[in-house]
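Student: Compact mmCIF, C-alpha atoms and all ligand atoms, file protein-v5.txt:
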```txt
# COMPACT_ATOMS: atom_id res chain seq x y z
CA MET A 1082 -20.84 -37.79 -11.26
CA SER A 1083 -20.91 -35.36 -8.40
CA GLN A 1084 -18.29 -37.47 -6.62
CA LEU A 1085 -16.01 -37.20 -9.60
CA ILE A 1086 -16.39 -33.44 -9.59
CA LEU A 1087 -15.68 -33.33 -5.90
CA CYS A 1088 -12.57 -35.47 -6.44
CA ILE A 1089 -11.25 -33.21 -9.17
CA PHE A 1090 -12.02 -30.19 -7.07
CA ILE A 1091 -10.04 -31.55 -4.12
CA LEU A 1092 -7.15 -32.44 -6.41
CA LEU A 1093 -7.10 -29.00 -7.95
CA PHE A 1094 -7.49 -27.37 -4.62
CA SER A 1095 -4.68 -29.29 -2.96
CA LYS A 1096 -2.45 -28.54 -5.94
CA ALA A 1097 -3.25 -24.85 -5.72
CA TYR A 1098 -2.70 -24.98 -2.02
CA MET A 1099 0.75 -26.53 -2.49
CA LEU A 1100 1.66 -23.66 -4.78
CA LEU A 1101 0.35 -21.09 -2.37
CA ILE A 1102 1.99 -22.14 0.87
CA PRO A 1103 2.82 -18.87 2.55
CA GLU A 1104 6.52 -18.05 2.67
CA ALA A 1105 8.04 -15.15 4.51
CA TYR A 1106 8.94 -12.18 2.37
CA ASP A 1107 10.38 -8.71 2.65
CA ALA A 1108 9.25 -5.61 0.82
CA ARG A 1109 11.55 -2.72 -0.04
CA LEU A 1110 10.49 0.67 -1.24
CA VAL A 1111 11.50 1.35 -4.83
CA SER A 1112 9.77 4.60 -5.67
CA PHE A 1113 7.19 7.05 -4.50
CA ILE A 1114 5.49 9.27 -7.05
CA SER A 1115 2.71 11.73 -6.39
CA LEU A 1116 0.78 14.20 -8.50
CA SER A 1117 -1.48 16.58 -6.64
CA GLU A 1118 -3.95 18.63 -8.61
CA GLY A 1119 -5.30 21.72 -6.96
CA GLY A 1120 -2.76 21.52 -4.11
CA VAL A 1121 -4.47 19.16 -1.67
CA TRP A 1122 -1.14 17.78 -0.43
CA ASP A 1123 2.58 18.38 -0.83
CA VAL A 1124 4.99 15.45 -0.75
CA SER A 1125 7.89 17.16 -2.50
CA LYS A 1126 10.00 16.71 0.64
CA VAL A 1127 9.66 12.92 0.72
CA ARG A 1128 12.85 11.01 -0.07
CA ILE A 1129 13.80 7.35 -0.25
CA ALA A 1130 17.19 7.40 1.41
CA GLY A 1131 20.13 5.11 1.89
CA ARG A 1132 20.93 1.53 1.00
CA GLU A 1133 17.97 0.29 3.03
CA ARG A 1134 15.58 2.55 1.09
CA LYS A 1135 14.13 4.32 4.11
CA LEU A 1136 11.33 6.80 3.65
CA ASN A 1137 12.37 10.16 5.04
CA GLY A 1138 11.25 13.77 4.95
CA SER A 1139 7.84 15.32 5.50
CA ILE A 1140 4.39 15.40 3.99
CA SER A 1141 1.94 18.26 4.14
CA ILE A 1142 -1.82 17.91 3.99
CA LEU A 1143 -3.00 21.34 2.93
CA GLU A 1144 -6.67 21.08 3.89
CA ASP A 1145 -8.74 18.89 6.20
CA LEU A 1146 -9.72 15.75 4.31
CA ASP A 1147 -13.27 14.72 5.14
CA ASP A 1148 -15.48 11.89 3.93
CA GLU A 1149 -18.05 14.28 2.41
CA GLN A 1150 -15.68 15.77 -0.16
CA PHE A 1151 -12.76 13.37 -0.56
CA SER A 1152 -12.64 9.82 -1.84
CA PHE A 1153 -10.21 7.49 -3.59
CA TYR A 1154 -9.90 4.15 -5.27
CA ALA A 1155 -6.79 2.04 -5.69
CA GLU A 1156 -5.37 -0.53 -8.06
CA ALA A 1157 -2.40 -2.88 -7.79
CA TYR A 1158 -0.01 -4.04 -10.49
CA THR A 1159 2.74 -6.63 -10.48
CA ASP A 1160 5.85 -7.21 -12.60
CA ARG A 1161 7.40 -10.49 -11.51
CA GLU A 1162 10.55 -10.39 -13.62
CA GLY A 1163 11.28 -6.69 -13.41
CA SER A 1164 10.80 -6.33 -17.16
CA GLY A 1165 8.87 -3.09 -16.75
CA ARG A 1166 5.66 -4.70 -18.01
CA TYR A 1167 3.13 -4.47 -15.19
CA LYS A 1168 0.01 -6.63 -15.03
CA LYS A 1169 -3.06 -5.48 -13.14
CA LEU A 1170 -3.90 -7.64 -10.12
CA PRO A 1171 -7.49 -8.62 -9.41
CA TYR A 1172 -7.43 -6.81 -6.04
CA THR A 1173 -8.97 -3.40 -6.56
CA MET A 1174 -10.19 -1.08 -3.88
CA PRO A 1175 -13.44 0.50 -5.06
CA MET A 1176 -14.13 4.22 -4.65
CA THR A 1177 -14.19 4.79 -0.88
CA PRO A 1178 -14.57 7.93 1.27
CA ILE A 1179 -11.09 9.02 2.34
CA CYS A 1180 -11.28 8.52 6.13
CA LYS A 1181 -12.98 5.15 5.73
CA GLY A 1182 -10.30 4.07 3.25
CA PHE A 1183 -7.42 5.28 5.41
CA ASN A 1184 -8.89 3.49 8.42
CA MET A 1185 -8.99 0.26 6.40
CA TYR A 1186 -5.47 0.49 4.98
CA LEU A 1187 -3.25 2.60 7.25
CA PRO A 1188 -3.15 -0.08 9.99
CA TYR A 1189 -1.09 -2.19 7.52
CA PHE A 1190 1.60 0.51 7.89
CA ALA A 1191 1.34 0.92 11.66
CA ASP A 1192 4.25 -1.52 12.20
CA SER A 1193 6.34 0.33 9.62
CA ALA A 1194 5.72 3.81 10.95
CA LYS A 1195 5.39 4.03 14.73
CA PHE A 1196 3.61 7.14 15.97
CA GLY A 1197 6.05 9.47 17.71
CA VAL A 1198 9.09 7.56 16.40
CA ASN A 1199 8.85 7.43 12.62
CA ILE A 1200 5.89 9.75 12.07
CA ASP A 1201 3.71 12.22 14.00
CA PHE A 1202 0.50 11.28 12.18
CA PRO A 1203 -1.66 8.71 14.05
CA VAL A 1204 -1.38 5.89 11.50
CA ASP A 1205 -2.99 3.26 13.73
CA HIS A 1206 -6.18 5.29 14.40
CA PRO A 1207 -6.46 8.07 11.81
CA PRO A 1208 -8.97 10.75 12.89
CA CYS A 1209 -11.69 12.08 10.61
CA PRO A 1210 -11.31 14.51 8.95
CA LEU A 1211 -7.64 13.69 8.32
CA PRO A 1212 -6.29 16.95 9.75
CA LYS A 1213 -4.29 19.36 7.66
CA GLY A 1214 -0.71 19.83 8.81
CA THR A 1215 2.87 18.90 8.12
CA TYR A 1216 3.99 15.50 9.37
CA TYR A 1217 7.52 14.16 9.53
CA LEU A 1218 8.59 10.78 8.18
CA LYS A 1219 11.75 9.43 9.74
CA ASP A 1220 13.59 6.28 8.68
CA ILE A 1221 10.48 4.33 7.67
CA LEU A 1222 11.13 0.75 6.54
CA LEU A 1223 8.26 -1.44 5.37
CA ASN A 1224 7.36 -4.03 8.00
CA THR A 1225 5.29 -6.77 6.37
CA SER A 1226 4.48 -8.76 9.52
CA LYS A 1227 0.71 -8.02 9.28
CA TRP A 1228 0.49 -8.05 5.49
CA PRO A 1229 -1.29 -10.92 3.68
CA SER A 1230 0.75 -14.13 3.91
CA LEU A 1231 0.28 -14.77 0.19
CA MET A 1232 2.02 -12.11 -1.82
CA PRO A 1233 3.27 -12.21 -5.39
CA ARG A 1234 7.04 -11.82 -5.65
CA GLY A 1235 8.61 -9.16 -7.80
CA TYR A 1236 7.77 -5.52 -8.29
CA MET A 1237 4.41 -4.41 -6.90
CA LYS A 1238 2.91 -1.07 -7.71
CA GLY A 1239 -0.03 0.40 -5.85
CA VAL A 1240 -1.77 3.37 -7.41
CA ALA A 1241 -4.37 5.44 -5.55
CA TYR A 1242 -6.56 7.92 -7.41
CA PHE A 1243 -7.95 10.74 -5.26
CA PHE A 1244 -11.04 12.85 -5.87
CA LYS A 1245 -12.44 16.03 -4.35
CA ASN A 1246 -16.16 16.50 -4.94
CA GLY A 1247 -15.89 13.98 -7.75
CA GLU A 1248 -13.08 15.89 -9.51
CA ASN A 1249 -9.58 14.48 -9.96
CA ALA A 1250 -7.45 15.61 -6.99
CA GLY A 1251 -4.26 13.64 -7.63
CA VAL A 1252 -2.53 10.29 -7.80
CA VAL A 1253 -0.11 8.56 -5.43
CA GLN A 1254 1.95 5.65 -6.72
CA VAL A 1255 4.15 3.49 -4.52
CA THR A 1256 6.36 0.76 -5.96
CA THR A 1257 7.85 -1.95 -3.78
CA HIS A 1258 10.04 -4.96 -4.46
CA VAL A 1259 8.82 -8.13 -2.75
CA VAL A 1260 11.43 -10.86 -2.25
CA ASP A 1261 11.67 -14.11 -0.28
CA ARG A 1262 13.08 -13.50 3.14
CA ASP A 1263 16.59 -14.90 3.39
C1 LIG A 1301 16.45 10.47 7.85
O1 LIG A 1301 16.31 11.70 8.50
C2 LIG A 1301 16.84 11.72 9.84
C3 LIG A 1301 16.55 13.09 10.43
O2 LIG A 1301 15.19 13.37 10.35
C4 LIG A 1301 18.32 11.43 9.81
O3 LIG A 1301 18.80 11.35 11.13
C5 LIG A 1301 18.56 10.11 9.10
O4 LIG A 1301 19.95 9.89 8.97
C6 LIG A 1301 17.91 10.09 7.73
N1 LIG A 1301 18.05 8.76 7.18
C7 LIG A 1301 18.67 8.50 6.03
C8 LIG A 1301 18.74 7.06 5.64
O5 LIG A 1301 19.16 9.38 5.31
C1 LIG A 1302 7.66 -5.66 12.59
O1 LIG A 1302 6.53 -5.55 13.40
C2 LIG A 1302 6.36 -6.62 14.32
C3 LIG A 1302 5.02 -6.46 15.02
O2 LIG A 1302 4.85 -5.18 15.57
C4 LIG A 1302 7.55 -6.64 15.29
O3 LIG A 1302 7.41 -7.70 16.20
C5 LIG A 1302 8.84 -6.77 14.50
O4 LIG A 1302 9.96 -6.68 15.36
C6 LIG A 1302 8.95 -5.70 13.43
N1 LIG A 1302 10.10 -5.95 12.59
C7 LIG A 1302 11.07 -5.06 12.42
C8 LIG A 1302 12.18 -5.48 11.51
O5 LIG A 1302 11.06 -3.97 12.95
```
As a first step, turn the structure in this file into structure tokens.
Tutor:
Amino acid sequence: MSQLILCIFILLFSKAYMLLIPEAYDARLVSFISLSEGGVWDVSKVRIAGRERKLNGSISILEDLDDEQFSFYAEAYTDREGSGRYKKLPYTMPMTPICKGFNMYLPYFADSAKFGVNIDFPVDHPPCPLPKGTYYLKDILLNTSKWPSLMPRGYMKGVAYFFKNGENAGVVQVTTHVVDRD
């Protein structure tokens, strides 16, 4: 009996594995939407520019963001066919203090935004608190080389919900289009 179960398990597993063989992909920025409540940040000068959809402009953090007051959680959605109907993915980032969260996730963007070239915010080692200031963004293209090798194709939307002292402080939503690399 247990051997049968093991057999089925291996079969299922190898089948799943066949379907999930990692293939190279590219991700392009589609849109960037942000709502700040209470003026914690200002991203009104961020643009997605040109045919290559480069992120350009500047962002302002209007107060120091520390782990005592600020936290966020994030959800991801996917729309494989581009129908506009997004399905929630099972990867959710639970409520996390802001510096801790940025230290976990910003390194995924360190290849996309090199400090001193594309941005003057230290994306690879963000300090705590995240210091207030205005930071430039220059010709940022998403570089997926250190992203998970298994990634659903199609439109992917990440939504981060920010809180200050437990109160809603704003939402940032980034949509990307993930396609097989040609
Ligand atoms: C982005 O901004 C820089 C100046 O900061 C400019 O040189 C560049 O052409 C802009 N890129 C696009 C795609 O508009
Ligand atoms: C993406 O980042 C990797 C690792 O830093 C680098 O080797 C590669 O050249 C980058 N790709 C592009 C298109 O810049």
Student: CA of Asn1184 (chain A) to CA of Pro1229 (chain A): how many Å, to one decimal?
Tutor: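 Atom-to-atom, CA of Asn1184 (chain A) to CA of Pro1229 (chain A), that is 17.0 Å.
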Student: Which residues are near ligand LIG 1302 (chain A) - at most 6 Å, using all atoms listed in the file? Format: as a PyMOL selection string.
Tutor: chain A and resi 1192+1224+1226
Student: Please check which residues have atoms at most 10 Å from (-2.2, 8.4, -4.7) in the file's coordinates, counting all atoms listed in the file, and write them as number ranges by chain.
Tutor: A: 1113-1117, 1153-1155, 1239-1244, 1250-1255
Student: Expressed in Å to a single decimal, how great is the separation between CA of Glu1156 (chain A) and CA of Tyr1172 (chain A)?
Tutor: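 Calculated distance between CA of Glu1156 (chain A) and CA of Tyr1172 (chain A) is 6.9 Å.
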Student: List as JSON lines every residue of chain A that is in contact with ligand LIG 1301 (chain A), defined as an atom at most 10 Å from one of its atoms (using all atoms listed in the file), together with the nearest atom pair and the distance in Å rounded to one decimal, sorted by chain and then rising number.
Tutor:
```
{"residue": "A:Arg1128", "atom": "CA", "partner": "A:LIG1301", "partner_atom": "O5", "distance": 8.5}
{"residue": "A:Ile1129", "atom": "CA", "partner": "A:LIG1301", "partner_atom": "C8", "distance": 7.7}
{"residue": "A:Ala1130", "atom": "CA", "partner": "A:LIG1301", "partner_atom": "C8", "distance": 4.5}
{"residue": "A:Gly1131", "atom": "CA", "partner": "A:LIG1301", "partner_atom": "C8", "distance": 4.4}
{"residue": "A:Arg1132", "atom": "CA", "partner": "A:LIG1301", "partner_atom": "C8", "distance": 7.5}
{"residue": "A:Glu1133", "atom": "CA", "partner": "A:LIG1301", "partner_atom": "C8", "distance": 7.3}
{"residue": "A:Arg1134", "atom": "CA", "partner": "A:LIG1301", "partner_atom": "C8", "distance": 7.1}
{"residue": "A:Lys1135", "atom": "CA", "partner": "A:LIG1301", "partner_atom": "C8", "distance": 5.6}
{"residue": "A:Leu1136", "atom": "CA", "partner": "A:LIG1301", "partner_atom": "C1", "distance": 7.6}
{"residue": "A:Asn1137", "atom": "CA", "partner": "A:LIG1301", "partner_atom": "C1", "distance": 5.0}
{"residue": "A:Gly1138", "atom": "CA", "partner": "A:LIG1301", "partner_atom": "O1", "distance": 6.5}
{"residue": "A:Ser1139", "atom": "CA", "partner": "A:LIG1301", "partner_atom": "O2", "distance": 9.0}
{"residue": "A:Asn1199", "atom": "CA", "partner": "A:LIG1301", "partner_atom": "O2", "distance": 9.0}
{"residue": "A:Tyr1217", "atom": "CA", "partner": "A:LIG1301", "partner_atom": "O2", "distance": 7.8}
{"residue": "A:Leu1218", "atom": "CA", "partner": "A:LIG1301", "partner_atom": "O2", "distance": 7.4}
{"residue": "A:Lys1219", "atom": "CA", "partner": "A:LIG1301", "partner_atom": "C1", "distance": 5.2}
{"residue": "A:Asp1220", "atom": "CA", "partner": "A:LIG1301", "partner_atom": "C1", "distance": 5.1}
{"residue": "A:Ile1221", "atom": "CA", "partner": "A:LIG1301", "partner_atom": "C1", "distance": 8.6}
{"residue": "A:Leu1222", "atom": "CA", "partner": "A:LIG1301", "partner_atom": "C8", "distance": 9.9}
```
Student: Between CA of Tyr1236 (chain A) and CA of Thr1177 (chain A), what is the distance, to one decimal in Å?
Tutor: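 Those two atoms sit 25.4 Å apart.
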Student: Would you please work out which residue, of A:Pro1207, A:Asp1261, A:Lys1245, A:Lys1238, is nearest to Lys1169 (chain A) when using all atoms listed in the file?
Tutor: A:Lys1238
Student: At a cut-off of 9 Å, using only C-alpha atoms, what residues contact Lys1168 (chain A)? Leave out same-chain residues fewer than 6 positions from it and give the result as an MDAnalysis selection string.
Tutor: chainID A and resid 1157:1160
Student: Residues proximal to (12.7, -9.1, -4.6) were defined as those with any atom within 9 Å of that point in the file's coordinates, counting only C-alpha atoms. Which are they, as a VMD selection string?
Tutor: chain A and resid 1106 to 1109 1161 1234 to 1236 1257 to 1262
Student: Of the candidates A:Leu1187, A:Leu1223, A:Leu1146, A:Ala1194, which one gets nearest to His1206 (chain A) if we count only C-alpha atoms?
Tutor: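 Closest to His1206 (chain A), using only C-alpha atoms: A:Leu1187.
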Student: Using the file's own x, y and z axes, so that the box edges lie along x, y and z, what centre and edge lengths in Å (one decimal) does a box around every listed atom of region 1110-1114 of chain A get when 6 Å is added on each side? Give it as AutoDock Vina command-line options.
Tutor:
```
--center_x 8.5 --center_y 5.0 --center_z -4.1 --size_x 18.0 --size_y 20.6 --size_z 17.8
```
Student: Give me the residues within 9 Å of Phe1190 (chain A) as a list of chain:residue names, counting all atoms listed in the file and dropping any in the same chain fewer than 5 places off.
Tutor: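 Near neighbours after the sequence-gap exclusion: A:Lys1195, A:Val1204, A:Asp1205, A:Leu1223, A:Asn1224, A:Thr1225, A:Lys1227, A:Trp1228.
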Student: Could you tell me which of A:Asn1246, A:Gly1182, A:Pro1210, A:Tyr1216 comes closest to Val1198 (chain A) if we count all atoms listed in the file?
Tutor: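 Result for the nearest residue to Val1198 (chain A): A:Tyr1216.
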Student: Choose the residue, out of A:Leu1143, A:Asp1148, A:Met1237, A:Pro1203, that has the smallest atom-to-atom separation from Pro1188 (chain A); count all atoms listed in the file.
Tutor: A:Pro1203
Student: Restricting the calculation to all atoms listed in the file: of A:Ser1141, A:Ser1164, A:Asn1249, A:Ser1193, which residue gets closest to Leu1110 (chain A)?
Tutor: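 Nearest to Leu1110 (chain A): A:Ser1193.
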Student: Have a look at A:Ser1112, A:Ser1152, A:Ser1230, A:Phe1202 and name the one nearest to Pro1175 (chain A); count all atoms listed in the file.
Tutor: A:Ser1152
